[in-house]
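Just below is one structure, and these are the notes that go with it.
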Amino acid sequence: QFTLLGAEPYHKLCYKELHHPKCDVCLQFIATNRTGLIEYRAHPFWGQKYCPSHELDRTPRCCSCEKMEPRNTKYMSLGDGRSLCMECLDSAVMDTGECQPLYHSIRDYYEGMNMKLDQQIPMLLVERQALNEAMEGECKGPHHMPETRGLCLSEEQTVSSILRRPRIGGHRLLDMRTQPQKLTRRCEVTAILVLYGLPRLLTGSILAHELMHGWLRLKGYRNLSPEVEEGICQVMSYLWLESEILPASTRHAQPSTSYASSSSSSSYRPPSSKKGGISHTEKKLGEFFMHQIANDTSTAYGDGFRTAYKAVNKYGLRQTLNHIRLTGGFPV
């Protein structure tokens with residue numbers, strides 16, 4: 001028995017080896033379905049192909065890049081139901097102290113956009129449980145994504161922050177040291193909380209998003225709809241990622257660089273917060289995080305971002321923010 005591909009004959013096993021797709025998770029040939037067709041799932045960004053059954057068999061998925069764990073690779077367990085692939089672990093931010101330089105660089109980025117924050121807002125890296133408890137204690141504020149990764153607090157709370165980077169033992173983290181920290185409200189914003197253990201670029205994009213919530217509150221923007229507030233916060237997250245992974249010449253060639261100016265034609269882009277540039281792997285991760293923001297299907301985060309981004313590209317960030325202050329909506 002043989003199989004023809006065009007006019008070329010193959011042994012059935014040879015044909016299968018050469019042309020039948022293999023699953024990137026179990027590394028086996030992807031099975032045919034009841035109708036005899038090869039059926040598989042593919043990640044829209046990474047192109048990782050896998051059997052449909054892996055969506056139901058509890059195969060770990062990286063909480064950062066969403067890739068499924070291949071059988072010949074072990075992901076790192078963060079101990080709270082999340083797993084992290086080795087590529088994301090390489091630049092993961094693990095404790096509050098380690099995150100401070102990144103946080104300050106994003107505050108500098110805001111200042112470079114003529115959006116200086118006069119108040120010093122505390123920033124803490126926290127575990128998933130602490131973040132969820134803080135969110136429950138927050139009696140008001142904008143809507144949040146199903147998997148909450150960051151929170152801009154306006155209530156006084158005691159939050160358990162991560163004091164020291166945990167050790168890696170096998171494929172899990174050991175010796176997690178936390179410290180209860182009482183957050184006192186000195187202005188409209190009490191603190192910014194971010195989930196620990198995420199790559200630098202994802203941590204930074206969450207910080208850029210939450211810092212925009214803080215900026216809006218401190219500047220007196222009130223009663224915005226989730227679509228407007230989350231949309232403009234996602235724009236800041238997207239633009240910060242863009243500033244980190246795209247070369248300056250490419251950024252200035254795009255219309256989105258007009259957002260920093262109000263009446264003047266010049267715009268200032270702070271340099272990347274990481275000296276010496278970033279690796280190809282980290283750059284690809286940043287492109288994925290931008291892809292996630294741009295293709296979000298939710299009303300507040302997805303539609304809100306796309307409407308906000310269109311307005312910022314057309315009118316600039318300052319004019320868009322002025323319009324939001326006056327009307328509660330985006331200019332069209």
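By order of appearance in the structure tokens: chains A, B, ..., then residues from 1 within every chain, and ligands from 1 in the order shown.
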
Sorted by chain and rising residue number, which residues of segment 5-43 of chain A lie within 12 Å of segment 73-78 of chain A, and what are their closest atom pairs and distances in Å to one decimal, counting only C-alpha atoms, as JSON lines?
{"residue": "A:Asp24", "atom": "CA", "partner": "A:Thr73", "partner_atom": "CA", "distance": 10.9}
{"residue": "A:Val25", "atom": "CA", "partner": "A:Thr73", "partner_atom": "CA", "distance": 9.3}
{"residue": "A:Cys26", "atom": "CA", "partner": "A:Thr73", "partner_atom": "CA", "distance": 10.5}
{"residue": "A:Leu27", "atom": "CA", "partner": "A:Thr73", "partner_atom": "CA", "distance": 11.2}

With a distance cut-off of 12 Å and only C-alpha atoms, select the neighbouring residues of Lys67 of chain A, excluding the residue or stretch itself and same-chain residues fewer than 6 positions from it, and output the selection as a list in words. Asp24, Val25, Arg41, Ala42, His43, Pro44, Phe45, Trp46, Gly47, Gln48, Lys49, Tyr50, His54, Glu55, Thr59, Pro60, Arg61, Thr73, Tyr75, Ser83, Leu84, Cys85, Met86, Glu87, Cys88, Leu285 and Phe288 of chain A

Just-selected residues, C-alpha atoms written as a PDB file, in the first residue's frame:
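What follows is the written file selection28.pdb:
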ATOM      1  CA  ASP A  24       3.537  20.627  20.076  1.00  0.00           C
ATOM      2  CA  VAL A  25       2.331  19.523  23.527  1.00  0.00           C
ATOM      3  CA  ARG A  41      -5.957  24.044  17.803  1.00  0.00           C
ATOM      4  CA  ALA A  42      -3.364  26.719  17.036  1.00  0.00           C
ATOM      5  CA  HIS A  43      -2.398  29.725  19.133  1.00  0.00           C
ATOM      6  CA  PRO A  44      -3.231  32.888  17.128  1.00  0.00           C
ATOM      7  CA  PHE A  45       0.127  34.549  17.877  1.00  0.00           C
ATOM      8  CA  TRP A  46       2.686  31.822  18.540  1.00  0.00           C
ATOM      9  CA  GLY A  47       1.235  29.274  16.088  1.00  0.00           C
ATOM     10  CA  GLN A  48       1.682  26.470  18.656  1.00  0.00           C
ATOM     11  CA  LYS A  49      -0.379  23.492  17.361  1.00  0.00           C
ATOM     12  CA  TYR A  50      -1.944  21.052  19.817  1.00  0.00           C
ATOM     13  CA  HIS A  54      -5.229  19.349  25.866  1.00  0.00           C
ATOM     14  CA  GLU A  55      -7.721  22.135  26.516  1.00  0.00           C
ATOM     15  CA  THR A  59      -2.151  20.751  30.622  1.00  0.00           C
ATOM     16  CA  PRO A  60      -0.417  23.765  32.248  1.00  0.00           C
ATOM     17  CA  ARG A  61      -0.454  26.978  30.235  1.00  0.00           C
ATOM     18  CA  THR A  73       9.575  20.616  29.195  1.00  0.00           C
ATOM     19  CA  TYR A  75       7.137  24.903  33.576  1.00  0.00           C
ATOM     20  CA  SER A  83       2.674  28.334  35.799  1.00  0.00           C
ATOM     21  CA  LEU A  84       5.465  30.188  34.028  1.00  0.00           C
ATOM     22  CA  CYS A  85       7.486  28.974  31.028  1.00  0.00           C
ATOM     23  CA  MET A  86      11.277  29.222  31.172  1.00  0.00           C
ATOM     24  CA  GLU A  87      11.428  32.084  28.660  1.00  0.00           C
ATOM     25  CA  CYS A  88       9.035  34.213  30.719  1.00  0.00           C
ATOM     26  CA  LEU A 285       7.139  38.649  24.219  1.00  0.00           C
ATOM     27  CA  PHE A 288       2.680  39.339  22.015  1.00  0.00           C
TER      28      PHE A 288
END

Within 10 Å of segment 99-110 of chain A: each segment 218-243 of chain A residue with its shortest pair, only C-alpha atoms, as a Markdown table:
| residue | atom | partner | partner_atom | distance |
| --- | --- | --- | --- | --- |
| A:Met236 | CA | A:Tyr110 | CA | 9.0 |
| A:Trp240 | CA | A:Tyr109 | CA | 7.8 |
| A:Ser243 | CA | A:Tyr109 | CA | 9.3 |

Taking only residues of segment 204-254 of chain A that have an atom at most 7 Å from an atom of segment 298-316 of chain A, what is each one's shortest atom pair and its distance in Å to one decimal, using only C-alpha atoms, in chain and number order, as CSV?
residue,atom,partner,partner_atom,distance
A:Pro226,CA,A:Ala300,CA,5.4
A:Glu227,CA,A:Ala300,CA,3.9
A:Val228,CA,A:Gly304,CA,5.8
A:Glu230,CA,A:Tyr301,CA,5.6
A:Gly231,CA,A:Phe305,CA,3.9
A:Ile232,CA,A:Ala308,CA,5.6
A:Gln234,CA,A:Phe305,CA,5.7
A:Val235,CA,A:Tyr309,CA,5.9

Could you write out that same residue set with all heavy atoms as a PDB file, in the first residue's frame?
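Writing done, so here's selection_13.pdb:
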ATOM      1  N   PRO A 226     -16.458  52.516  32.101  1.00  0.00           N
ATOM      2  CA  PRO A 226     -15.356  51.545  31.999  1.00  0.00           C
ATOM      3  C   PRO A 226     -14.689  51.569  30.629  1.00  0.00           C
ATOM      4  O   PRO A 226     -13.473  51.450  30.523  1.00  0.00           O
ATOM      5  CB  PRO A 226     -16.050  50.208  32.258  1.00  0.00           C
ATOM      6  CG  PRO A 226     -17.244  50.541  33.081  1.00  0.00           C
ATOM      7  CD  PRO A 226     -17.703  51.894  32.604  1.00  0.00           C
ATOM      8  N   GLU A 227     -15.466  51.745  29.572  1.00  0.00           N
ATOM      9  CA  GLU A 227     -14.898  51.737  28.219  1.00  0.00           C
ATOM     10  C   GLU A 227     -13.923  52.898  28.012  1.00  0.00           C
ATOM     11  O   GLU A 227     -12.866  52.730  27.410  1.00  0.00           O
ATOM     12  CB  GLU A 227     -16.022  51.815  27.180  1.00  0.00           C
ATOM     13  CG  GLU A 227     -15.534  51.578  25.761  1.00  0.00           C
ATOM     14  CD  GLU A 227     -16.673  51.422  24.762  1.00  0.00           C
ATOM     15  OE1 GLU A 227     -17.828  51.222  25.192  1.00  0.00           O
ATOM     16  OE2 GLU A 227     -16.399  51.488  23.555  1.00  0.00           O
ATOM     17  N   VAL A 228     -14.256  54.058  28.562  1.00  0.00           N
ATOM     18  CA  VAL A 228     -13.379  55.224  28.401  1.00  0.00           C
ATOM     19  C   VAL A 228     -12.151  55.094  29.301  1.00  0.00           C
ATOM     20  O   VAL A 228     -11.005  55.255  28.853  1.00  0.00           O
ATOM     21  CB  VAL A 228     -14.146  56.531  28.715  1.00  0.00           C
ATOM     22  CG1 VAL A 228     -13.188  57.720  28.778  1.00  0.00           C
ATOM     23  CG2 VAL A 228     -15.210  56.778  27.653  1.00  0.00           C
ATOM     24  N   GLU A 230     -10.839  52.357  31.029  1.00  0.00           N
ATOM     25  CA  GLU A 230      -9.970  51.214  30.721  1.00  0.00           C
ATOM     26  C   GLU A 230      -9.338  51.383  29.340  1.00  0.00           C
ATOM     27  O   GLU A 230      -8.189  50.986  29.116  1.00  0.00           O
ATOM     28  CB  GLU A 230     -10.750  49.899  30.785  1.00  0.00           C
ATOM     29  CG  GLU A 230     -11.374  49.578  32.135  1.00  0.00           C
ATOM     30  CD  GLU A 230     -10.349  49.397  33.241  1.00  0.00           C
ATOM     31  OE1 GLU A 230      -9.142  49.343  32.961  1.00  0.00           O
ATOM     32  OE2 GLU A 230     -10.769  49.319  34.409  1.00  0.00           O
ATOM     33  N   GLY A 231     -10.075  51.989  28.410  1.00  0.00           N
ATOM     34  CA  GLY A 231      -9.548  52.186  27.060  1.00  0.00           C
ATOM     35  C   GLY A 231      -8.316  53.066  27.046  1.00  0.00           C
ATOM     36  O   GLY A 231      -7.295  52.715  26.448  1.00  0.00           O
ATOM     37  N   ILE A 232      -8.364  54.212  27.752  1.00  0.00           N
ATOM     38  CA  ILE A 232      -7.214  55.126  27.751  1.00  0.00           C
ATOM     39  C   ILE A 232      -6.066  54.537  28.574  1.00  0.00           C
ATOM     40  O   ILE A 232      -4.889  54.765  28.274  1.00  0.00           O
ATOM     41  CB  ILE A 232      -7.616  56.540  28.232  1.00  0.00           C
ATOM     42  CG1 ILE A 232      -6.569  57.572  27.811  1.00  0.00           C
ATOM     43  CG2 ILE A 232      -7.859  56.591  29.725  1.00  0.00           C
ATOM     44  CD1 ILE A 232      -6.477  57.803  26.321  1.00  0.00           C
ATOM     45  N   GLN A 234      -5.388  51.313  28.723  1.00  0.00           N
ATOM     46  CA  GLN A 234      -4.784  50.328  27.828  1.00  0.00           C
ATOM     47  C   GLN A 234      -3.910  51.001  26.774  1.00  0.00           C
ATOM     48  O   GLN A 234      -2.888  50.447  26.359  1.00  0.00           O
ATOM     49  CB  GLN A 234      -5.871  49.484  27.149  1.00  0.00           C
ATOM     50  CG  GLN A 234      -6.517  48.438  28.048  1.00  0.00           C
ATOM     51  CD  GLN A 234      -5.577  47.309  28.422  1.00  0.00           C
ATOM     52  OE1 GLN A 234      -4.684  47.479  29.260  1.00  0.00           O
ATOM     53  NE2 GLN A 234      -5.771  46.161  27.802  1.00  0.00           N
ATOM     54  N   VAL A 235      -4.296  52.189  26.342  1.00  0.00           N
ATOM     55  CA  VAL A 235      -3.466  52.937  25.383  1.00  0.00           C
ATOM     56  C   VAL A 235      -2.105  53.239  26.000  1.00  0.00           C
ATOM     57  O   VAL A 235      -1.056  53.066  25.363  1.00  0.00           O
ATOM     58  CB  VAL A 235      -4.170  54.244  24.943  1.00  0.00           C
ATOM     59  CG1 VAL A 235      -3.177  55.205  24.282  1.00  0.00           C
ATOM     60  CG2 VAL A 235      -5.300  53.923  23.967  1.00  0.00           C
TER      61      VAL A 235
END

Ala191 of chain A: which residues within 7 Å, counting only C-alpha atoms, same-chain residues fewer than 6 positions away excluded, as a PyMOL selection string? chain A and resi 121-123+152-153

Prev. selection, C-alpha atoms, output as a short mmCIF file (atom, residue, chain, number, x, y, z; two decimals), in the first residue's frame:
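Wrote out00.cif, looks like this:
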data_model
loop_
_atom_site.label_atom_id
_atom_site.label_comp_id
_atom_site.auth_asym_id
_atom_site.auth_seq_id
_atom_site.Cartn_x
_atom_site.Cartn_y
_atom_site.Cartn_z
CA ILE A 121 2.08 56.36 45.07
CA PRO A 122 3.37 53.22 46.84
CA MET A 123 3.74 50.17 44.58
CA CYS A 152 -5.12 50.82 41.66
CA LEU A 153 -6.28 51.09 45.29
#

Nearest residue to Ile293 of chain A from the set A:Leu239, A:Leu218, A:Leu151, A:Val189 (distances using only C-alpha atoms): A:Leu239

Provide the atom CA of Glu127 of chain A to atom CA of Gly97 of chain A distance in Å, to one decimal place.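 Computed distance, atom CA of Glu127 of chain A to atom CA of Gly97 of chain A, equals 14.6 Å.
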
Which of segment 63-111 of chain A counts as strand (DSSP E or B) under DSSP, as a list in words please?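 Filtering segment 63-111 of chain A down to strand (DSSP E or B) leaves Met68, Met76, Ser77, Ser83, Leu84, Ala92 and Val93 of chain A.
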
I need the chosen residues saved as a short mmCIF file (atom, residue, chain, number, x, y, z; two decimals), in the first residue's frame, with C-alpha atoms.
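The new file out-v1.cif reads:
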data_model
loop_
_atom_site.label_atom_id
_atom_site.label_comp_id
_atom_site.auth_asym_id
_atom_site.auth_seq_id
_atom_site.Cartn_x
_atom_site.Cartn_y
_atom_site.Cartn_z
CA MET A 68 0.96 25.20 26.63
CA MET A 76 7.75 26.70 36.86
CA SER A 77 4.88 26.53 39.35
CA SER A 83 2.67 28.33 35.80
CA LEU A 84 5.47 30.19 34.03
CA ALA A 92 10.30 37.66 35.73
CA VAL A 93 10.04 40.33 38.45
#
